[in-house]
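Listing of input.cif; format and content: mmCIF, C-alpha atoms and all ligand atoms.
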data_work
#
loop_
_atom_site.label_atom_id
_atom_site.label_comp_id
_atom_site.auth_asym_id
_atom_site.auth_seq_id
_atom_site.Cartn_x
_atom_site.Cartn_y
_atom_site.Cartn_z
CA MET A 1 6.43 12.36 8.88
CA ASP A 2 2.73 13.05 8.37
CA ILE A 3 0.53 10.40 6.84
CA LEU A 4 -2.05 11.90 4.50
CA THR A 5 -5.67 10.94 4.96
CA LEU A 6 -8.71 10.63 2.72
CA GLY A 7 -9.60 13.93 1.11
CA ASN A 8 -6.01 14.76 0.26
CA GLU A 9 -5.78 14.86 -3.53
CA LEU A 10 -2.30 13.32 -3.60
CA LEU A 11 -3.81 10.01 -2.49
CA ARG A 12 -5.74 10.02 -5.76
CA GLN A 13 -2.81 10.68 -8.07
CA LYS A 14 -0.69 8.15 -9.88
CA ALA A 15 2.89 7.98 -8.60
CA GLU A 16 5.82 8.36 -10.99
CA SER A 17 8.61 5.87 -11.61
CA VAL A 18 11.74 6.16 -9.51
CA GLU A 19 14.51 7.19 -11.86
CA LYS A 20 17.45 6.62 -9.58
CA ILE A 21 17.82 4.45 -6.50
CA ASP A 22 20.10 6.73 -4.51
CA ALA A 23 20.82 7.54 -0.87
CA ASP A 24 17.98 10.08 -0.70
CA LEU A 25 15.46 7.54 -1.88
CA ILE A 26 16.64 4.90 0.58
CA LYS A 27 16.56 7.49 3.36
CA THR A 28 12.94 8.26 2.53
CA ALA A 29 12.10 4.54 2.44
CA ARG A 30 13.75 4.04 5.86
CA MET A 31 11.79 6.97 7.27
CA MET A 32 8.65 5.37 5.89
CA LEU A 33 9.49 2.13 7.71
CA ASP A 34 9.94 4.12 10.94
CA ALA A 35 6.64 5.92 10.42
CA LEU A 36 5.01 2.56 9.70
CA GLU A 37 6.28 1.13 12.95
CA LYS A 38 5.13 4.16 14.92
CA ALA A 39 1.69 4.01 13.36
CA LYS A 40 1.56 0.23 13.93
CA GLY A 41 0.72 -0.41 10.31
CA ILE A 42 1.98 -3.12 7.98
CA GLY A 43 2.44 -1.12 4.80
CA LEU A 44 3.00 2.42 3.61
CA ALA A 45 3.24 3.78 0.08
CA GLY A 46 4.97 6.94 -1.16
CA PRO A 47 1.76 8.87 -1.97
CA GLN A 48 0.58 8.41 1.62
CA ILE A 49 3.32 10.78 2.72
CA GLY A 50 3.03 12.97 -0.37
CA PHE A 51 6.09 11.37 -1.99
CA MET A 52 4.74 10.73 -5.49
CA LYS A 53 7.16 7.99 -6.50
CA ARG A 54 6.58 4.32 -7.11
CA LEU A 55 7.83 3.07 -3.79
CA PHE A 56 6.23 1.24 -0.90
CA VAL A 57 7.40 -0.48 2.24
CA ILE A 58 5.91 -3.43 4.07
CA HIS A 59 6.74 -4.76 7.51
CA ILE A 60 4.69 -7.65 8.79
CA GLU A 61 5.31 -8.86 12.32
CA GLY A 62 7.70 -11.80 12.30
CA ASP A 63 8.95 -10.96 8.80
CA ILE A 64 11.76 -8.74 7.54
CA PRO A 65 11.05 -5.10 6.56
CA ARG A 66 10.66 -4.96 2.79
CA MET A 67 11.12 -2.17 0.26
CA PHE A 68 9.54 -2.30 -3.19
CA ILE A 69 10.86 0.22 -5.71
CA ASN A 70 9.14 0.52 -9.13
CA PRO A 71 7.08 -2.61 -8.50
CA SER A 72 5.14 -4.41 -11.22
CA ILE A 73 2.46 -6.97 -10.58
CA ILE A 74 3.43 -9.79 -12.93
CA GLU A 75 0.76 -12.29 -12.06
CA THR A 76 -2.15 -12.79 -9.70
CA SER A 77 -4.04 -15.99 -8.90
CA GLN A 78 -7.57 -16.58 -10.16
CA ASP A 79 -8.18 -17.78 -6.67
CA THR A 80 -9.39 -14.94 -4.46
CA MET A 81 -9.67 -14.40 -0.75
CA LYS A 82 -11.68 -12.10 1.49
CA TYR A 83 -9.66 -10.39 4.21
CA GLU A 84 -10.27 -7.46 6.50
CA GLU A 85 -8.20 -4.43 5.50
CA GLY A 86 -7.40 -1.14 7.08
CA CYS A 87 -5.25 1.74 5.87
CA LEU A 88 -3.21 4.39 7.68
CA SER A 89 -4.84 6.94 5.36
CA LEU A 90 -8.30 5.85 6.51
CA PRO A 91 -7.92 5.68 10.28
CA GLY A 92 -10.55 3.66 12.10
CA ILE A 93 -11.99 2.10 8.95
CA TRP A 94 -11.89 -1.64 8.42
CA ALA A 95 -13.66 -3.68 5.77
CA ASP A 96 -13.47 -7.05 4.05
CA VAL A 97 -11.88 -6.77 0.64
CA VAL A 98 -11.72 -9.52 -1.97
CA ARG A 99 -8.37 -9.82 -3.75
CA PRO A 100 -6.26 -12.52 -5.44
CA ARG A 101 -4.78 -14.94 -2.93
CA ILE A 102 -1.35 -15.11 -4.57
CA VAL A 103 0.65 -12.39 -6.28
CA LYS A 104 3.91 -12.40 -8.18
CA VAL A 105 5.66 -9.04 -8.02
CA GLN A 106 8.86 -7.74 -9.55
CA ALA A 107 10.60 -4.72 -8.03
CA TRP A 108 13.97 -3.28 -7.07
CA ASN A 109 15.33 -3.47 -3.55
CA GLU A 110 17.31 -0.99 -1.44
CA ARG A 111 20.55 -2.15 -3.03
CA GLY A 112 19.20 -1.30 -6.45
CA ARG A 113 18.85 -4.96 -7.41
CA PRO A 114 15.79 -6.36 -9.15
CA PHE A 115 13.94 -9.19 -7.48
CA THR A 116 10.84 -11.26 -8.07
CA LEU A 117 8.69 -12.43 -5.21
CA GLU A 118 5.73 -14.75 -5.11
CA ALA A 119 3.67 -14.00 -2.05
CA GLU A 120 0.50 -15.28 -0.50
CA GLY A 121 -1.58 -14.62 2.59
CA ILE A 122 -1.09 -11.34 4.38
CA LEU A 123 2.05 -10.41 2.40
CA ALA A 124 0.20 -10.79 -0.91
CA ARG A 125 -2.62 -8.73 0.53
CA ALA A 126 -0.27 -5.97 1.66
CA ILE A 127 1.54 -5.89 -1.72
CA LEU A 128 -1.74 -5.51 -3.63
CA HIS A 129 -3.04 -2.87 -1.21
CA GLU A 130 0.17 -0.81 -1.38
CA TYR A 131 0.44 -1.20 -5.13
CA ASP A 132 -3.05 0.29 -5.41
CA HIS A 133 -1.81 3.40 -3.58
CA LEU A 134 0.71 3.97 -6.40
CA GLU A 135 -2.24 4.06 -8.80
CA GLY A 136 -4.27 6.43 -6.64
CA VAL A 137 -6.60 3.64 -5.57
CA LEU A 138 -7.79 3.13 -2.00
CA PHE A 139 -9.22 -0.09 -0.57
CA ILE A 140 -12.68 1.45 -0.23
CA ASP A 141 -12.75 1.70 -4.04
CA ARG A 142 -12.81 -2.10 -4.11
CA LEU A 143 -15.94 -2.38 -1.98
CA SER A 144 -19.53 -2.39 -3.18
CA GLU A 145 -20.99 1.06 -3.72
CA LEU A 146 -23.32 0.60 -0.78
CA LYS A 147 -20.50 -0.32 1.60
CA ARG A 148 -18.33 2.52 0.35
CA LYS A 149 -21.11 5.06 0.82
CA ARG A 150 -21.69 3.81 4.35
CA ILE A 151 -18.00 4.22 5.15
CA LEU A 152 -17.81 7.70 3.61
CA ALA A 153 -20.87 8.76 5.61
CA LYS A 154 -19.21 7.49 8.78
CA LEU A 155 -16.02 9.41 7.98
CA GLU A 156 -17.99 12.58 7.30
CA LYS A 157 -19.75 12.23 10.63
CA GLN A 158 -16.38 11.73 12.36
CA ALA A 159 -14.95 14.80 10.65
CA LYS A 160 -17.84 16.93 11.86
CA ALA A 161 -17.61 15.66 15.43
NI NI B 1 -3.28 1.91 2.67
#
Kindly present the structure from the file in structure tokens form.
Amino acid sequence: MDILTLGNELLRQKAESVEKIDADLIKTARMMLDALEKAKGIGLAGPQIGFMKRLFVIHIEGDIPRMFINPSIIETSQDTMKYEEGCLSLPGIWADVVRPRIVKVQAWNERGRPFTLEAEGILARAILHEYDHLEGVLFIDRLSELKRKRILAKLEKQAKA
């Protein structure tokens, strides 16, 4: 399973709702969890593998692997937090991103059951980051223009090397 990187247009497209939670979908989600483990990441969203459906997986060390199908962000805290983020689609790039500290999300799980989860800390961070992927948004979009330009210049230099 190849993880798409910056420059691939699919990363900039909005993912579509999952219409049916069936065996194929769960198989894809499980493969995403495997790819995530191999890549040593904590989250992976459908568009990152070119699967343009509203699905992401998160696996934080010490926690259970989690699948979020058709997620909605119901609520976020006013309270924000700065935290260093990376992304498997932007290898080697890390930057502090400000996001809400707490998030309430509603989604469907692998058994096709709806659930609501209130998360904070790194899980909240991962949910918001992965949710952005479903909207075609990358974490560098949430940085100041100056910081983003610096990162893009660095990536361009890497690509040429
Ligand atoms: Ni990412």
Selection within 8 Å of ligand NI 1 (chain B) by all atoms listed in the file, output as a PyMOL selection string: chain A and resi 43-45+48+86-90+129-130+133+138-139
Atom pair atom CA of Ile74 of chain A / atom CA of Ile21 of chain A: separation (Å):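 Atom CA of Ile74 of chain A sits 21.2 Å away from atom CA of Ile21 of chain A.
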Using all atoms listed in the file: which of A:Gly121, A:Gly136, A:Gly92, A:Gly112 has the shortest distance to Glu16 of chain A: A:Gly136
Non-local contacts of His59 of chain A (8 Å; only C-alpha atoms; under 4 positions in same chain excluded) as a PyMOL selection string: chain A and resi 33+36+41-43+63-66
Nearby residues (all atoms listed in the file) at most 7 Å from segment 98-109 of chain A, same-chain spacing under 3 positions excluded, as a list in words: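 That gives Met67, Phe68, Ile69, Asn70, Pro71, Ser72, Ile73, Ile74, Glu75, Thr76, Ser77, Gln78, Asp79, Thr80, Met81, Lys82, Tyr83, Gly112, Arg113, Pro114, Phe115, Thr116, Leu117, Glu118, Ala119, Glu120, Gly121 and Ala124 of chain A.
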Selected residue, from A:Asp2, A:Glu37, A:Asp22, A:Asp96, that lies nearest to Asp141 of chain A when counting only C-alpha atoms: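 Ranked by minimum distance to Asp141 of chain A, first place goes to A:Asp96.
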Nearest-residue call for Pro47 of chain A, choices A:Asp34, A:Glu9, A:Glu110, A:Glu84, using all atoms listed in the file: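 When distances to Pro47 of chain A are compared using all atoms listed in the file, the smallest one comes from A:Glu9.
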Centre and edge lengths, as lines of an AutoDock Vina configuration file, for the axis-aligned box enclosing every listed atom of segment 65-81 of chain A with 4 Å of padding on each of the six sides, in Å to one decimal?
center_x = 0.7
center_y = -8.6
center_z = -3.2
size_x = 28.8
size_y = 26.3
size_z = 27.5
Among the residues A:Leu134, A:Leu128, A:Ala35, A:Ala159, the one that comes closest to Lys14 of chain A [using all atoms listed in the file]: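 Of the candidates, the smallest distance to Lys14 of chain A is held by A:Leu134.
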Two-atom distance - atom CA of Ala39 of chain A, atom CA of Lys157 of chain A (Å):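 Interatomic distance, atom CA of Ala39 of chain A to atom CA of Lys157 of chain A: 23.1 Å.
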Separation of atom CA of Gln13 of chain A from atom CA of Glu135 of chain A, in Å and rounded to one decimal: 6.7 Å
Among the residues A:Leu146, A:Val18, A:Met32, A:Val137, the one that comes closest to Leu6 of chain A [using only C-alpha atoms]: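 The answer is A:Val137, which sits nearest to Leu6 of chain A.
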Got a sec: who's within 12 Å of Glu156 of chain A, counting only C-alpha atoms, leaving out chain neighbours fewer than 5 positions off, as a CSV table (one decimal) with C-alpha atoms, keeping the file's coordinate frame?
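Result file is part_21.csv:
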chain,number,residue,atom,x,y,z
A,6,LEU,CA,-8.7,10.6,2.7
A,7,GLY,CA,-9.6,13.9,1.1
A,90,LEU,CA,-8.3,5.8,6.5
A,149,LYS,CA,-21.1,5.1,0.8
A,150,ARG,CA,-21.7,3.8,4.4
A,151,ILE,CA,-18.0,4.2,5.2
A,161,ALA,CA,-17.6,15.7,15.4
A:Ile26, A:Leu4, A:Val57, A:Met52 ranked by distance to Leu123 of chain A, top pick (using only C-alpha atoms):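 Of all the options, A:Val57 lies closest to Leu123 of chain A.
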